[in-house]
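Worksheet: one structure, shown below.
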Amino acid sequence: MRTRLLWLVIVIAPFSCNQKQQQKADPKLLTDRNLLHNHMHQLTEVIIHDMFSPPVSSRIYSYSSLAAYEAIRFDKEGYPSLVKDLHGFPQMPVPEKNKNYNYLLAATKAFFTVAEKITFSADTLDNYQKRVLGDFQSLLDEETYERSIAFGSSVGQTIFERTKTDNYKETRGMPKFLGSEEEGKWRPTPSDYFDALEPNWGKIMPLALDSAAQIKCPAPPTYSLDKESLFYTTVNEVYHIGTHLTEEQREIAKYWDDNPFVLEHSGHLMFGNKKITPVGHWIGITGIACKMKNLDPVESAKIYALTSIGMFDVVISCWREKFIRNVIRPVTVINDAIDNNWIPLLQTPPFPEHSSGHSGISASAATILTRRFGENFAFEDTSDLAYIGMRRRFKSFISAAQEASLSRVYGGIHYRTGVDAGAEQGKDVAKYVIDKFLPNSTKPAKDIAAEAKRNSTAN
């Protein structure tokens with residue numbers, strides 16, 4: 001009996017193995033409109049896991065998105081290179097003429113060639129990539145598969161070369177910023193009093209802008225504790241709102257918190273809650289819009305790339321302003337001059353107040369998406385659902401950006417002047433990107449900053 005059972009195992013096991021090897025992936029993969037969205041989701045998961053800050057995450061998304069677009073653009077006529085009009089990129093590879101390629105596969109390889117080199121959890125991305133590439137390999141002839149992989153790898157490596165010259169490595173070794181005791185200037189905030197995050201980010205080389213100083217934002221009001229001054233009025237507004245928050249305002253603030261690492265305290269214990277970044281949130285919204293319109297992979301890759309370019313450049317511009325202006329945060333002023341027991345709803349991020357990075361990021365992304373999809377593009381935002389269990393509906397990208405901006409005032413971490421200035425700067429950066437790359441698309445987006453001011457007056 002034992003001999004017979006052993007014989008059955010020996011015979012049956014290889015047969016099962018062969019069955020698995022003969023199973024092919026779904027042929028729809030070769031033109032799958034959701035594949036790039038899946039890649040972006042995997043990248044977002046790694047960014048959250050590795051706790052990358054908003055500035056660093058903007059860099060990761062932009063380079064990875066550009067790699068995907070530069071590889072896949074050859075799949076359709078009328079899609080020129082973006083990097084030829086950006087700063088600091090080498091000449092991009094082109095496919096061989098009259099040769100077969102699967103450009104979605106090439107884009108996949110290009111995307112991960114970059115993403116794995118500029119994140120920490122490369123093994124997570126590698127495991128996912130191997131599964132996808134294995135499916136492609138089972139569907140394509142060997143020559144087409146190898147040629148597509150080689151082209152995608154070449155594109156990705158060329159994009160990666162630019163990351164070596166954007167000043168990122170140099171800023172890692174620059175001095176920290178510990179704040180200032182000068183009146184009205186930023187100093188570390190409770191509860192953990194960290195030194196400033198990415199104080200040298202304004203020195204990173206932008207993608208589309210000629211320099212970080214090219215597009216500025218309105219100046220903050222002069223620091224003054226005179227109760228008639230504009231500055232004190234803005235401080236008092238934050239305090240008043242923070243002590244009389246409605247349930248809707250609380251929900252809005254928490255929905256748009258997007259703090260990648262919030263430290264929670266319970267007695268002597270301290271633990272971190274990981275969340276999506278503001279950049280990742282708008283990448284999620286970009287994916288939702290692309291899927292709602294059922295865009296093909298080439299067009300989806302383009303809009304991911306353009307939205308990422310706008311967010312990357314506005315973060316650089318914003319961070320430059322932050323550390324030039326060096327404006328004190330609301331919690332510090334309120335605790336010093338109004339109420340030493342006051343605590344904002346949201347944890348104050350560790351860097352100066354003016355201008356609001358979240359407002360700039362949101363305005364930039366919303367302006368670019370509005371130009372592509374239209375002014376009345378209603379959508380349900382589920383990009384944060386898996387992380388905080390919340391979803392919200394918006395009548396347009398503009399209204400979402402306005403709400404994101406106001407959320408920082410509701411959360412007690414920004415003044416109204418800071419969020420309005422951030423929205424202005426984000427809109428202006430986006431318009432610059434649009435003029436370069438989307439001049440003939442839909443009619444111009446509404447002025448986010450003007451709408452934000454009208455909306456804030458109504459509130």
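In the structure tokens, each chain is lettered A, B, ... as it comes, each chain's residues begin at 1, and ligands are numbered from 1 in order of appearance.
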Notebook entry, point to check: Residues at most 8 Å from Ile328 in chain A, counting only C-alpha atoms, excluding those fewer than 4 positions away in the same chain, as an MDAnalysis selection string?
Noted result: chainID A and resid 184:187 332:333 352:353
Next item on the list: Skip range 64-81 of chain A itself and residues of its chain fewer than 3 positions away, then list as a list in words all residues within 7 Å of it, counting only C-alpha atoms.
Entry: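 Within the cut-off, the hits are Ile60, Tyr61, Lys84, Tyr103, Leu104, Ala106, Ala107, Thr108, Ala110, Phe111, Val114, Ala115, Gly152, Val155, Gly156, Ile159, Val298, Ala301, Lys302, Tyr304 and Ala305 of chain A.
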Notebook entry, point to check: Just how far from CA of Asn440 in chain A is CA of Ser396 in chain A, in Å to one decimal?
Noted result: 20.7 Å
Check: Got a sec: who's within 9 Å of Phe312 in chain A, counting only C-alpha atoms, leaving out chain neighbours fewer than 6 positions off, as a ChimeraX atom specification?
Finding: /A:55-59,61-62,206-207,279,361
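Nearest-residue note for Phe351 in chain A: choosing from A:Ile324, A:Leu295, A:Ala196, A:Val315, the minimum distance belongs to A:Ala196, counting only C-alpha atoms.
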Set the distance at 8 Å and use only C-alpha atoms: which residues neighbour range 217-232 of chain A once local chain neighbours fewer than 6 positions away are removed? I'd like the list as a tab-separated table (two decimals) with N, CA and C atoms, in the first residue's frame.
chain	number	residue	atom	x	y	z
A	183	GLU	N	10.96	87.22	18.06
A	183	GLU	CA	9.52	87.42	18.16
A	183	GLU	C	8.83	87.18	16.82
A	184	GLY	N	7.79	86.36	16.85
A	184	GLY	CA	7.00	86.09	15.66
A	184	GLY	C	7.55	85.03	14.74
A	321	GLU	N	9.50	79.50	0.59
A	321	GLU	CA	8.79	80.58	1.28
A	321	GLU	C	8.74	80.34	2.79
A	325	ARG	N	10.18	83.17	5.25
A	325	ARG	CA	9.22	83.90	6.09
A	325	ARG	C	9.34	83.48	7.55
A	327	VAL	N	7.35	81.93	9.69
A	327	VAL	CA	6.22	82.42	10.48
A	327	VAL	C	5.86	81.44	11.60
A	337	ALA	N	-0.03	83.92	24.25
A	337	ALA	CA	-0.70	85.21	24.41
A	337	ALA	C	-2.20	85.15	24.70
A	354	HIS	N	3.84	79.78	7.00
A	354	HIS	CA	3.47	80.48	5.76
A	354	HIS	C	4.42	80.11	4.61
A	355	SER	N	3.87	79.57	3.51
A	355	SER	CA	2.45	79.38	3.27
A	355	SER	C	2.08	77.90	3.49
A	417	THR	N	-4.60	83.59	6.31
A	417	THR	CA	-3.67	84.20	5.37
A	417	THR	C	-2.70	83.17	4.79
A	418	GLY	N	-2.31	82.18	5.60
A	418	GLY	CA	-1.39	81.15	5.15
A	418	GLY	C	-2.01	80.22	4.13
A	421	ALA	N	-2.62	82.19	0.80
A	421	ALA	CA	-1.36	82.38	0.07
A	421	ALA	C	-0.91	81.08	-0.59
A	422	GLY	N	-1.07	79.97	0.10
A	422	GLY	CA	-0.70	78.67	-0.46
A	422	GLY	C	-1.53	78.34	-1.69
A	424	GLU	N	-2.99	80.47	-3.68
A	424	GLU	CA	-2.55	81.37	-4.75
A	424	GLU	C	-1.29	80.83	-5.43
A	425	GLN	N	-0.35	80.40	-4.63
A	425	GLN	CA	0.91	79.90	-5.18
A	425	GLN	C	0.70	78.60	-5.96
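With distances restricted to only C-alpha atoms, A:Tyr63 is the closest residue to Leu82 in chain A from A:Lys130, A:Gln347, A:Gly426, A:Tyr63.
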Check: Within 9 Å of range 250-261 of chain A, counting only C-alpha atoms, which residues qualify if same-chain residues fewer than 4 places away don't, as a ChimeraX atom specification?
Finding: /A:47-48,51-54,245-246,272-281,345-347,349,358,384,388,390-392,403-412
Margin query: Run DSSP on the backbone and tell me which residues of range 139-210 of chain A come out as helix (DSSP H, G or I); list them as a ChimeraX atom specification.
Written below: /A:139,142-163,168-172,201-203
Next item on the list: Take CA of Ala122 in chain A and CA of Val46 in chain A and report the distance between them in Å, one decimal.
Entry: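 CA of Ala122 in chain A sits 8.4 Å away from CA of Val46 in chain A.
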Notebook entry, point to check: In Å to one decimal, how far is CA of Leu133 in chain A from CA of Asp50 in chain A?
Noted result: 24.1 Å
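The list of residues with at least one atom within 12 Å of Asp141 in chain A, based on only C-alpha atoms and without residues fewer than 4 positions apart in the same chain, reads Asn100, Tyr101, Asn102, Phe136, Gln137, Tyr145, Glu146, Arg147 and Ser148 of chain A.
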Any chance you can output those residues with C-alpha atoms as a compact mmCIF listing (two decimals), in the first residue's frame?
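Full text of result08.txt as output:
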# COMPACT_ATOMS: atom_id res chain seq x y z
CA ASN A 100 7.24 45.01 -31.77
CA TYR A 101 6.85 46.37 -28.24
CA ASN A 102 4.26 46.17 -25.54
CA PHE A 136 3.25 39.58 -19.24
CA GLN A 137 5.89 36.98 -19.99
CA TYR A 145 8.84 40.64 -23.95
CA GLU A 146 12.62 41.10 -23.72
CA ARG A 147 12.63 44.10 -26.05
CA SER A 148 9.87 45.82 -24.05
